[in-house]
Every structure is written in structure tokens, then in C-alpha cells.
Amino acid sequence: MAPPHSLSKNYYHILGVSSTATPAEIKAAYKRLALKLHPDKNPHSPHAEERFKLVNSAYQVLSNPKRRAAFDLQQQYEQQRRQAQAYTTPRYHHTRNPAGFQERHYRQRAKQHTHFSRRDLQIIIGGVLLTVLLIFGLKFGWEKIASGRAMKQARQAEQQRHWKKADQAYSDALEYKPALEEARVRRGAIRLAYLKNPAGAVEDYTVALKENAAPPAAWYAARGKGYLQTKQYLKALRDLDKALTLDQNQTDAYLDRGLVHLQWEDDWTAAAADLSTYLQKIPNPSAKATEALLYRTFAYYRMQELQKAWQDTEQALRQSPSNAKAFYLQAKIKQAQGDSLRGCALLTKAAQLGFKVAAQEASFQCEP
């Protein structure tokens with residue numbers, strides 16, 4: 001049985017734990033001290049033996065919930081008793097009253113000047129300017145790094161033909177550096193050629209043309225194509241004229257200008273002339289040449305030059321024997337020449353090749 005605990009002994013201090021320690025913490029502290037102070041490990045140390053006994057007594061009290069509660073209550077009582085005794089000690093009641101005003105001695109403090117000197121103002125202005133320069137330096141440095149990283153990502157996406165990713169990367173680069181010409185032009189080209197976003201391309205090329213003192217002809221040609229695709233024919237014609245004035249080797253500009261005249265229906269002769277120039281400048285035969293031949297066929301058809309129109313369709317069919325549009329245009333030519341029987345046969349041929357307009361016209365115009 002453990003000896004009765006004395007009020008002068010604090011078992012928490014003996015075990016080295018706080019008064020709020022958990023049973024597990026108390027047990028762990030006891031084991032650690034018991035191993036350290038055990039008489040077998042300290043055979044010639046009376047002090048270690050005495051401490052071992054204290055540790056054992058402390059653990060027997062604190063490991064028992066009821067005995068620990070009683071010990072805690074006695075500790076609280078002892079603390080309250082010491083506090084009450086301290087406040088009733090006579091020395092607290094015979095102190096001298098504070099000194100009066102006349103007994104106190106004051107030293108006059110020197111007045112401090114609060115106005116700014118010229119040097120103070122220079123220091124403040126210099127600090128503000130330095131801070132502003134630092135902020136702008138960090139901003140420009142970050143923008144350069146971020147825009148460079150975005151441009152690298154955009155080029156990689158272009159090489160991999162990931163057009164949407166390239167468009168987004170160029171957009172990110174322009175957020176950091178809006179005046180980055182390469183990003184704006186490349187984004188415009190992607191939007192025009194791959195993303196079916198001619199309005200966005202027109203916007204990009206417009207900014208690029210405005211910010212460059214001597215823009216290349218290709219930019220005018222590209223914006224003209226964008227205007228063509230958005231059916232802004234007058235603007236398209238102006239840009240394509242400008243592009244060909246600057247550089248007559250802008251081959252696609254001839255095709256686009258010819259298409260402007262065809263779709264706007266303003267000048268069939270000019271359309272045929274531009275398409276003829278385009279056909280002279282591109283490899284023949286090719287898919288592009290076949291397409292241009294059929295565009296020129298339509299221009300000749302509207303000009304009532306039916307023989308030239310027929311020759312273009314024959315040339316197109318030699319390059320692409322199953323071209324449904326060529327058979328359809330031949331049908332229109334034969335109908336214009338008054339050969340309705342041959343026209344119906346050609347409409348039927350075009351319909352069989354999948355040209356829906358030909359199928360609809362054949363159902364109305366031709367006998368089954």
C-alpha cells in the first residue's frame with residue numbers, strides 16, 4: 001500500500017507531467033522513471049533509491065482515479081490557502097501611500113520638430129519611385145516569362161495540329177503581351193484556316209494591320225478571305241485589291257477575289273479573269289485546279305459563254321471523273337442550249353453521284 005500523500009509533495013512534478021495529463025501519459029512517465037531509477041541500475045545510490053520510492057508513490061496515487069481526484073482537490077485547497085495567507089500578511093497593509101504631486105520631480109523634455117526637411121522629402125520620393133520601379137520591373141519580367149512559355153506551347157500545339165490548344169495558347173500569350181504581333185497573326189491564321197472562325201480572324205488581322213507601319217500583302221489577303229467568308233464583300237474586295245497591288249504573287253487572293261465577284265454577282269467578267277489568273281499560277285491538274293475550273297464554268301455560264309463553260313467542265317471531269325458538280329453544271333449548260341433531254345440525263349448522273357440539288361431539280365424538271 002502506498003504511503004499517505006503529503007501536501008508538500010506534488011506527484012505531478014515528481015513524474016514530470018502536467019495536472020491535465022492522461023492516464024496513458026502518466027503510465028508512460030512512470031515506466032520511463034522507474035527504469036531509470038531502479039535500484040538494480042543504481043545499486044550504490046541512496047538518492048536514486050529515494051527518488052524511485054517517490055515515483056512509485058506518485059504513480060500509485062495518480063493511476064487510481066479516486067485517489068487522484070482526492071489529491072487534486074487537496075492541491076486546489078492548498079493553493080487557495082496559500083493565496084489567502086499571502087493577502088492577509090501584514091506587510092501588505094503598512095505600505096506608504098503614493099507620493100503627491102509636489103514630491104514628484106519632472107524633467108523638461110525637449111520639443112521635437114514635426115515638419116519635414118527637404119532631405120526627408122527626397123528620401124520619401126526616392127522610396128516611392130524605387131517601389132514603383134520594382135513593381136513594374138517584376139510585372140514586365142513576369143509577363144515576358146509567361147508570354148514566352150505560352151508561345152512555346154502554341155508552337156508545339158501547331159506542330160501537333162492541335163488547333164484549339166494552339167488558339168488558346170496564343171490567346172494566353174496575348175493576355176500577357178497584347179502587342180505580340182506573331183501571336184496575333186498566327187491565331188488569326190488558325191481561326192481562318194482550321195477553326196471556322198472568320199470573324200475572329202478578321203479581328204486579329206485588323207489589329208495587326210493597324211499596329212504595323214508596313215504590313216505585308218499576305219495580311220490584307222488573309223483579312224480579305226475572312227471578309228469573304230463573313231459575306232462582307234465590299235470590304236473583302238478592298239483588302240484583296242490592296243494585297244494584289246502590294247504583291248501580285250498572292251495567288252490565293254486571285255481565287256478569293258474571283259469568289260467575291262461570283263457570290264456578290266457584281267462582275268462575271270472580273271470573276272472569270274481572276275479565276276483564269278489563278279489557274280495559270282497553280283499546278284494543273286490538282287484538286288484546287290478542278291475547283292477553280294468549276295467556279296470559272298459558273299462565271300462563263302452567267303456570261304452566256306456556254307462553249308467556254310462546257311470546255312471547263314470537260315477539263316474538270318478529266319481531272320475528276322466522278323465530280324457531281326461538273327455533271328450538274330453540264331446539265332445547266334445543255335438546258336440553256338435547249339437540249340432538255342441531255343440536260344435531264346446529266347442531272348440524273350449528278351443526282352446518282354450524291355448531288356442533292358441535282359436530284360431535286362431532276363424530280364421536277366425531268367420525266368421519270
# chains A, B, ... in the order shown; residues from 1 in each chain; ligands from 1
call {"tool": "residues_around", "arguments": {"residues": "Gln311 of chain A", "least_positions_apart": "6", "cutoff": "10 Å", "atoms": "only C-alpha atoms", "output": "JSON, numbers by chain"}}
result
{"A": [293, 297, 317, 330]}
call {"tool": "residues_around", "arguments": {"residues": "Lys308 of chain A", "least_positions_apart": "6", "cutoff": "10 Å", "atoms": "only C-alpha atoms", "output": "PDB file with all heavy atoms, in the first residue's frame"}}
result
ATOM      1  N   ARG A 296     -15.036  28.920-112.573  1.00  0.00           N
ATOM      2  CA  ARG A 296     -14.992  29.684-113.820  1.00  0.00           C
ATOM      3  C   ARG A 296     -16.104  29.236-114.771  1.00  0.00           C
ATOM      4  O   ARG A 296     -16.650  30.045-115.530  1.00  0.00           O
ATOM      5  CB  ARG A 296     -13.624  29.538-114.475  1.00  0.00           C
ATOM      6  CG  ARG A 296     -13.422  30.515-115.642  1.00  0.00           C
ATOM      7  CD  ARG A 296     -12.010  30.493-116.154  1.00  0.00           C
ATOM      8  NE  ARG A 296     -11.662  29.222-116.794  1.00  0.00           N
ATOM      9  CZ  ARG A 296     -10.515  28.985-117.406  1.00  0.00           C
ATOM     10  NH1 ARG A 296      -9.577  29.931-117.450  1.00  0.00           N
ATOM     11  NH2 ARG A 296     -10.257  27.809-117.950  1.00  0.00           N
ATOM     12  N   THR A 297     -16.452  27.948-114.710  1.00  0.00           N
ATOM     13  CA  THR A 297     -17.572  27.455-115.520  1.00  0.00           C
ATOM     14  C   THR A 297     -18.843  28.234-115.201  1.00  0.00           C
ATOM     15  O   THR A 297     -19.585  28.650-116.113  1.00  0.00           O
ATOM     16  CB  THR A 297     -17.810  25.962-115.237  1.00  0.00           C
ATOM     17  OG1 THR A 297     -16.675  25.218-115.652  1.00  0.00           O
ATOM     18  CG2 THR A 297     -19.044  25.454-115.961  1.00  0.00           C
ATOM     19  N   ALA A 299     -19.022  31.241-113.949  1.00  0.00           N
ATOM     20  CA  ALA A 299     -18.902  32.612-114.451  1.00  0.00           C
ATOM     21  C   ALA A 299     -19.198  32.662-115.946  1.00  0.00           C
ATOM     22  O   ALA A 299     -19.950  33.541-116.424  1.00  0.00           O
ATOM     23  CB  ALA A 299     -17.498  33.141-114.172  1.00  0.00           C
ATOM     24  N   TYR A 300     -18.635  31.721-116.715  1.00  0.00           N
ATOM     25  CA  TYR A 300     -18.910  31.676-118.158  1.00  0.00           C
ATOM     26  C   TYR A 300     -20.389  31.403-118.427  1.00  0.00           C
ATOM     27  O   TYR A 300     -20.988  31.985-119.357  1.00  0.00           O
ATOM     28  CB  TYR A 300     -18.063  30.593-118.821  1.00  0.00           C
ATOM     29  CG  TYR A 300     -16.606  30.962-119.008  1.00  0.00           C
ATOM     30  CD1 TYR A 300     -15.600  29.994-118.906  1.00  0.00           C
ATOM     31  CD2 TYR A 300     -16.230  32.258-119.317  1.00  0.00           C
ATOM     32  CE1 TYR A 300     -14.269  30.320-119.085  1.00  0.00           C
ATOM     33  CE2 TYR A 300     -14.890  32.599-119.494  1.00  0.00           C
ATOM     34  CZ  TYR A 300     -13.918  31.624-119.370  1.00  0.00           C
ATOM     35  OH  TYR A 300     -12.596  31.955-119.558  1.00  0.00           O
ATOM     36  N   TYR A 301     -20.990  30.540-117.627  1.00  0.00           N
ATOM     37  CA  TYR A 301     -22.415  30.213-117.791  1.00  0.00           C
ATOM     38  C   TYR A 301     -23.263  31.464-117.609  1.00  0.00           C
ATOM     39  O   TYR A 301     -24.189  31.728-118.409  1.00  0.00           O
ATOM     40  CB  TYR A 301     -22.796  29.131-116.790  1.00  0.00           C
ATOM     41  CG  TYR A 301     -24.282  28.868-116.686  1.00  0.00           C
ATOM     42  CD1 TYR A 301     -24.955  28.145-117.665  1.00  0.00           C
ATOM     43  CD2 TYR A 301     -25.010  29.352-115.600  1.00  0.00           C
ATOM     44  CE1 TYR A 301     -26.325  27.911-117.559  1.00  0.00           C
ATOM     45  CE2 TYR A 301     -26.367  29.127-115.481  1.00  0.00           C
ATOM     46  CZ  TYR A 301     -27.019  28.399-116.473  1.00  0.00           C
ATOM     47  OH  TYR A 301     -28.382  28.177-116.372  1.00  0.00           O
ATOM     48  N   GLU A 314     -15.497  19.838-119.081  1.00  0.00           N
ATOM     49  CA  GLU A 314     -14.819  18.668-119.657  1.00  0.00           C
ATOM     50  C   GLU A 314     -13.428  18.510-119.049  1.00  0.00           C
ATOM     51  O   GLU A 314     -13.005  17.391-118.696  1.00  0.00           O
ATOM     52  CB  GLU A 314     -14.730  18.825-121.172  1.00  0.00           C
ATOM     53  CG  GLU A 314     -16.060  18.643-121.894  1.00  0.00           C
ATOM     54  CD  GLU A 314     -16.526  17.200-121.818  1.00  0.00           C
ATOM     55  OE1 GLU A 314     -15.849  16.320-122.386  1.00  0.00           O
ATOM     56  OE2 GLU A 314     -17.568  16.956-121.164  1.00  0.00           O
TER      57      GLU A 314
END
call {"tool": "residues_around", "arguments": {"residues": "Gly354 of chain A", "least_positions_apart": "4", "cutoff": "12 Å", "atoms": "only C-alpha atoms", "output": "list in words"}}
result
Ser322, Asn323, Ala324, Lys325, Phe327, Tyr328, Leu347, Thr348, Lys349, Ala350, Ala358, Ala359 and Gln360 of chain A
call {"tool": "write_last_selection", "arguments": {"atoms": "N, CA, C and O atoms", "output": "mmCIF file, in the first residue's frame"}}
result
data_model
loop_
_atom_site.group_PDB
_atom_site.id
_atom_site.type_symbol
_atom_site.label_atom_id
_atom_site.label_comp_id
_atom_site.auth_asym_id
_atom_site.auth_seq_id
_atom_site.Cartn_x
_atom_site.Cartn_y
_atom_site.Cartn_z
ATOM 1 N N SER A 322 -15.597 11.613 -111.434
ATOM 2 C CA SER A 322 -16.843 11.412 -110.680
ATOM 3 C C SER A 322 -17.298 12.683 -109.976
ATOM 4 O O SER A 322 -17.950 12.622 -108.924
ATOM 5 N N ASN A 323 -16.969 13.814 -110.541
ATOM 6 C CA ASN A 323 -17.303 15.088 -109.913
ATOM 7 C C ASN A 323 -18.771 15.437 -110.214
ATOM 8 O O ASN A 323 -19.122 15.784 -111.348
ATOM 9 N N ALA A 324 -19.617 15.328 -109.192
ATOM 10 C CA ALA A 324 -21.054 15.552 -109.380
ATOM 11 C C ALA A 324 -21.355 16.991 -109.787
ATOM 12 O O ALA A 324 -22.265 17.239 -110.589
ATOM 13 N N LYS A 325 -20.585 17.961 -109.252
ATOM 14 C CA LYS A 325 -20.845 19.366 -109.594
ATOM 15 C C LYS A 325 -20.586 19.625 -111.080
ATOM 16 O O LYS A 325 -21.297 20.419 -111.711
ATOM 17 N N PHE A 327 -21.015 17.484 -113.572
ATOM 18 C CA PHE A 327 -22.162 16.970 -114.335
ATOM 19 C C PHE A 327 -23.374 17.887 -114.177
ATOM 20 O O PHE A 327 -24.139 18.106 -115.124
ATOM 21 N N TYR A 328 -23.546 18.437 -112.978
ATOM 22 C CA TYR A 328 -24.668 19.352 -112.747
ATOM 23 C C TYR A 328 -24.529 20.607 -113.617
ATOM 24 O O TYR A 328 -25.500 21.050 -114.251
ATOM 25 N N LEU A 347 -28.452 15.689 -115.224
ATOM 26 C CA LEU A 347 -28.964 15.906 -113.863
ATOM 27 C C LEU A 347 -29.079 14.578 -113.130
ATOM 28 O O LEU A 347 -28.743 14.470 -111.933
ATOM 29 N N THR A 348 -29.598 13.561 -113.846
ATOM 30 C CA THR A 348 -29.723 12.235 -113.230
ATOM 31 C C THR A 348 -28.355 11.692 -112.837
ATOM 32 O O THR A 348 -28.193 11.108 -111.753
ATOM 33 N N LYS A 349 -27.355 11.892 -113.693
ATOM 34 C CA LYS A 349 -25.992 11.435 -113.387
ATOM 35 C C LYS A 349 -25.461 12.136 -112.140
ATOM 36 O O LYS A 349 -24.883 11.503 -111.235
ATOM 37 N N ALA A 350 -25.662 13.455 -112.050
ATOM 38 C CA ALA A 350 -25.199 14.207 -110.875
ATOM 39 C C ALA A 350 -25.918 13.750 -109.615
ATOM 40 O O ALA A 350 -25.316 13.636 -108.538
ATOM 41 N N ALA A 358 -29.203 18.509 -107.656
ATOM 42 C CA ALA A 358 -29.496 17.883 -108.945
ATOM 43 C C ALA A 358 -30.669 16.920 -108.819
ATOM 44 O O ALA A 358 -31.539 16.857 -109.710
ATOM 45 N N ALA A 359 -30.732 16.180 -107.727
ATOM 46 C CA ALA A 359 -31.835 15.242 -107.520
ATOM 47 C C ALA A 359 -33.166 15.985 -107.427
ATOM 48 O O ALA A 359 -34.187 15.545 -107.984
ATOM 49 N N GLN A 360 -33.177 17.117 -106.717
ATOM 50 C CA GLN A 360 -34.413 17.886 -106.578
ATOM 51 C C GLN A 360 -34.865 18.457 -107.927
ATOM 52 O O GLN A 360 -36.046 18.388 -108.275
#
call {"tool": "select_by_dssp", "arguments": {"residues": "segment 102-265 of chain A", "states": "alpha helix (DSSP H)", "output": "number ranges by chain"}}
result
A: 118-159, 163-176, 181-193, 198-211, 217-229, 233-246, 251-264
call {"tool": "residues_around", "arguments": {"residues": "Ala199 of chain A", "least_positions_apart": "6", "cutoff": "9 Å", "atoms": "only C-alpha atoms", "output": "list in words"}}
result
Arg191, Leu192, Gly226, Tyr227, Gln229 and Thr230 of chain A
call {"tool": "residues_around", "arguments": {"residues": "Gln315 of chain A", "least_positions_apart": "6", "cutoff": "10 Å", "atoms": "only C-alpha atoms", "output": "list in words"}}
result
Pro285, Ala289, Thr290, Leu293, Leu294, Pro321 and Ala326 of chain A
call {"tool": "write_last_selection", "arguments": {"atoms": "N, CA and C atoms", "output": "compact mmCIF listing (two decimals), in the first residue's frame"}}
result
# COMPACT_ATOMS: atom_id res chain seq x y z
N PRO A 285 -2.84 19.10 -113.37
CA PRO A 285 -4.12 19.06 -112.64
C PRO A 285 -3.91 18.96 -111.13
N ALA A 289 -7.24 23.07 -108.77
CA ALA A 289 -7.48 23.46 -110.15
C ALA A 289 -8.88 23.03 -110.60
N THR A 290 -9.28 21.82 -110.22
CA THR A 290 -10.63 21.34 -110.57
C THR A 290 -11.70 22.25 -109.99
N LEU A 293 -11.77 25.53 -111.88
CA LEU A 293 -12.39 25.35 -113.20
C LEU A 293 -13.91 25.40 -113.11
N LEU A 294 -14.46 24.78 -112.07
CA LEU A 294 -15.91 24.78 -111.92
C LEU A 294 -16.44 26.15 -111.54
N PRO A 321 -13.20 12.40 -112.67
CA PRO A 321 -14.28 11.81 -113.48
C PRO A 321 -15.60 11.64 -112.74
N ALA A 326 -19.58 18.95 -111.64
CA ALA A 326 -19.29 19.14 -113.05
C ALA A 326 -20.45 18.64 -113.92
call {"tool": "closest_residue", "arguments": {"among": "A:Ile145, A:Met151, A:Leu262, A:Ala218", "to": "Asp241 of chain A", "atoms": "only C-alpha atoms"}}
result
A:Ala218
call {"tool": "residues_around", "arguments": {"residues": "Leu37 of chain A", "least_positions_apart": "3", "cutoff": "8 Å", "atoms": "only C-alpha atoms", "output": "list in words"}}
result
Leu33, Ala34, Lys41, Asn42, Ala48, Glu49, Arg51 and Phe52 of chain A
call {"tool": "write_last_selection", "arguments": {"atoms": "all heavy atoms", "output": "PDB file, in the first residue's frame"}}
result
ATOM      1  N   LEU A  33      10.692   6.661 -15.708  1.00  0.00           N
ATOM      2  CA  LEU A  33      11.455   6.998 -14.484  1.00  0.00           C
ATOM      3  C   LEU A  33      11.793   5.746 -13.677  1.00  0.00           C
ATOM      4  O   LEU A  33      12.864   5.661 -13.055  1.00  0.00           O
ATOM      5  CB  LEU A  33      10.644   7.973 -13.638  1.00  0.00           C
ATOM      6  CG  LEU A  33      10.478   9.375 -14.251  1.00  0.00           C
ATOM      7  CD1 LEU A  33       9.511  10.212 -13.417  1.00  0.00           C
ATOM      8  CD2 LEU A  33      11.832  10.074 -14.337  1.00  0.00           C
ATOM      9  N   ALA A  34      10.868   4.779 -13.661  1.00  0.00           N
ATOM     10  CA  ALA A  34      11.135   3.546 -12.899  1.00  0.00           C
ATOM     11  C   ALA A  34      12.321   2.795 -13.489  1.00  0.00           C
ATOM     12  O   ALA A  34      13.165   2.264 -12.743  1.00  0.00           O
ATOM     13  CB  ALA A  34       9.889   2.654 -12.898  1.00  0.00           C
ATOM     14  N   LYS A  41      19.738  -0.786 -11.273  1.00  0.00           N
ATOM     15  CA  LYS A  41      20.599   0.020 -12.136  1.00  0.00           C
ATOM     16  C   LYS A  41      21.415   1.038 -11.355  1.00  0.00           C
ATOM     17  O   LYS A  41      22.354   1.615 -11.899  1.00  0.00           O
ATOM     18  CB  LYS A  41      19.745   0.762 -13.179  1.00  0.00           C
ATOM     19  CG  LYS A  41      19.174  -0.144 -14.249  1.00  0.00           C
ATOM     20  CD  LYS A  41      18.555   0.679 -15.359  1.00  0.00           C
ATOM     21  CE  LYS A  41      18.068  -0.193 -16.494  1.00  0.00           C
ATOM     22  NZ  LYS A  41      17.499   0.601 -17.624  1.00  0.00           N
ATOM     23  N   ASN A  42      21.006   1.306 -10.122  1.00  0.00           N
ATOM     24  CA  ASN A  42      21.721   2.279  -9.283  1.00  0.00           C
ATOM     25  C   ASN A  42      21.982   1.654  -7.907  1.00  0.00           C
ATOM     26  O   ASN A  42      21.425   2.091  -6.886  1.00  0.00           O
ATOM     27  CB  ASN A  42      20.902   3.561  -9.144  1.00  0.00           C
ATOM     28  CG  ASN A  42      20.546   4.175 -10.477  1.00  0.00           C
ATOM     29  OD1 ASN A  42      21.315   4.924 -11.072  1.00  0.00           O
ATOM     30  ND2 ASN A  42      19.343   3.845 -10.954  1.00  0.00           N
ATOM     31  N   ALA A  48      18.984   7.810  -5.699  1.00  0.00           N
ATOM     32  CA  ALA A  48      18.174   7.173  -6.741  1.00  0.00           C
ATOM     33  C   ALA A  48      17.113   6.278  -6.122  1.00  0.00           C
ATOM     34  O   ALA A  48      15.965   6.221  -6.581  1.00  0.00           O
ATOM     35  CB  ALA A  48      19.063   6.373  -7.690  1.00  0.00           C
ATOM     36  N   GLU A  49      17.482   5.613  -5.029  1.00  0.00           N
ATOM     37  CA  GLU A  49      16.514   4.723  -4.358  1.00  0.00           C
ATOM     38  C   GLU A  49      15.366   5.534  -3.762  1.00  0.00           C
ATOM     39  O   GLU A  49      14.184   5.153  -3.868  1.00  0.00           O
ATOM     40  CB  GLU A  49      17.226   3.927  -3.273  1.00  0.00           C
ATOM     41  CG  GLU A  49      16.298   2.939  -2.555  1.00  0.00           C
ATOM     42  CD  GLU A  49      17.048   2.145  -1.491  1.00  0.00           C
ATOM     43  OE1 GLU A  49      18.279   2.353  -1.343  1.00  0.00           O
ATOM     44  OE2 GLU A  49      16.405   1.320  -0.824  1.00  0.00           O
ATOM     45  N   ARG A  51      14.332   8.493  -4.780  1.00  0.00           N
ATOM     46  CA  ARG A  51      13.502   9.011  -5.881  1.00  0.00           C
ATOM     47  C   ARG A  51      12.635   7.910  -6.469  1.00  0.00           C
ATOM     48  O   ARG A  51      11.497   8.144  -6.885  1.00  0.00           O
ATOM     49  CB  ARG A  51      14.395   9.612  -6.979  1.00  0.00           C
ATOM     50  CG  ARG A  51      14.985  10.963  -6.601  1.00  0.00           C
ATOM     51  CD  ARG A  51      15.402  11.722  -7.837  1.00  0.00           C
ATOM     52  NE  ARG A  51      14.256  11.966  -8.710  1.00  0.00           N
ATOM     53  CZ  ARG A  51      14.355  12.310  -9.986  1.00  0.00           C
ATOM     54  NH1 ARG A  51      15.560  12.422 -10.535  1.00  0.00           N
ATOM     55  NH2 ARG A  51      13.272  12.517 -10.713  1.00  0.00           N
ATOM     56  N   PHE A  52      13.175   6.686  -6.523  1.00  0.00           N
ATOM     57  CA  PHE A  52      12.394   5.561  -7.042  1.00  0.00           C
ATOM     58  C   PHE A  52      11.151   5.337  -6.184  1.00  0.00           C
ATOM     59  O   PHE A  52      10.052   5.088  -6.689  1.00  0.00           O
ATOM     60  CB  PHE A  52      13.269   4.302  -7.072  1.00  0.00           C
ATOM     61  CG  PHE A  52      12.535   3.078  -7.535  1.00  0.00           C
ATOM     62  CD1 PHE A  52      12.264   2.872  -8.886  1.00  0.00           C
ATOM     63  CD2 PHE A  52      12.086   2.124  -6.621  1.00  0.00           C
ATOM     64  CE1 PHE A  52      11.584   1.744  -9.310  1.00  0.00           C
ATOM     65  CE2 PHE A  52      11.393   1.005  -7.042  1.00  0.00           C
ATOM     66  CZ  PHE A  52      11.144   0.804  -8.401  1.00  0.00           C
TER      67      PHE A  52
END
call {"tool": "closest_residue", "arguments": {"among": "A:Tyr220, A:Pro283, A:Asp239, A:Arg184", "to": "Ala208 of chain A", "atoms": "only C-alpha atoms"}}
result
A:Arg184
call {"tool": "closest_residue", "arguments": {"among": "A:Pro23, A:Gly258, A:Gly188, A:Gly127", "to": "Ala271 of chain A", "atoms": "only C-alpha atoms"}}
result
A:Gly258
call {"tool": "atom_distance", "arguments": {"atom1": "atom CA of Gln337 of chain A", "atom2": "atom CA of Trp310 of chain A"}}
result
11.1 Å
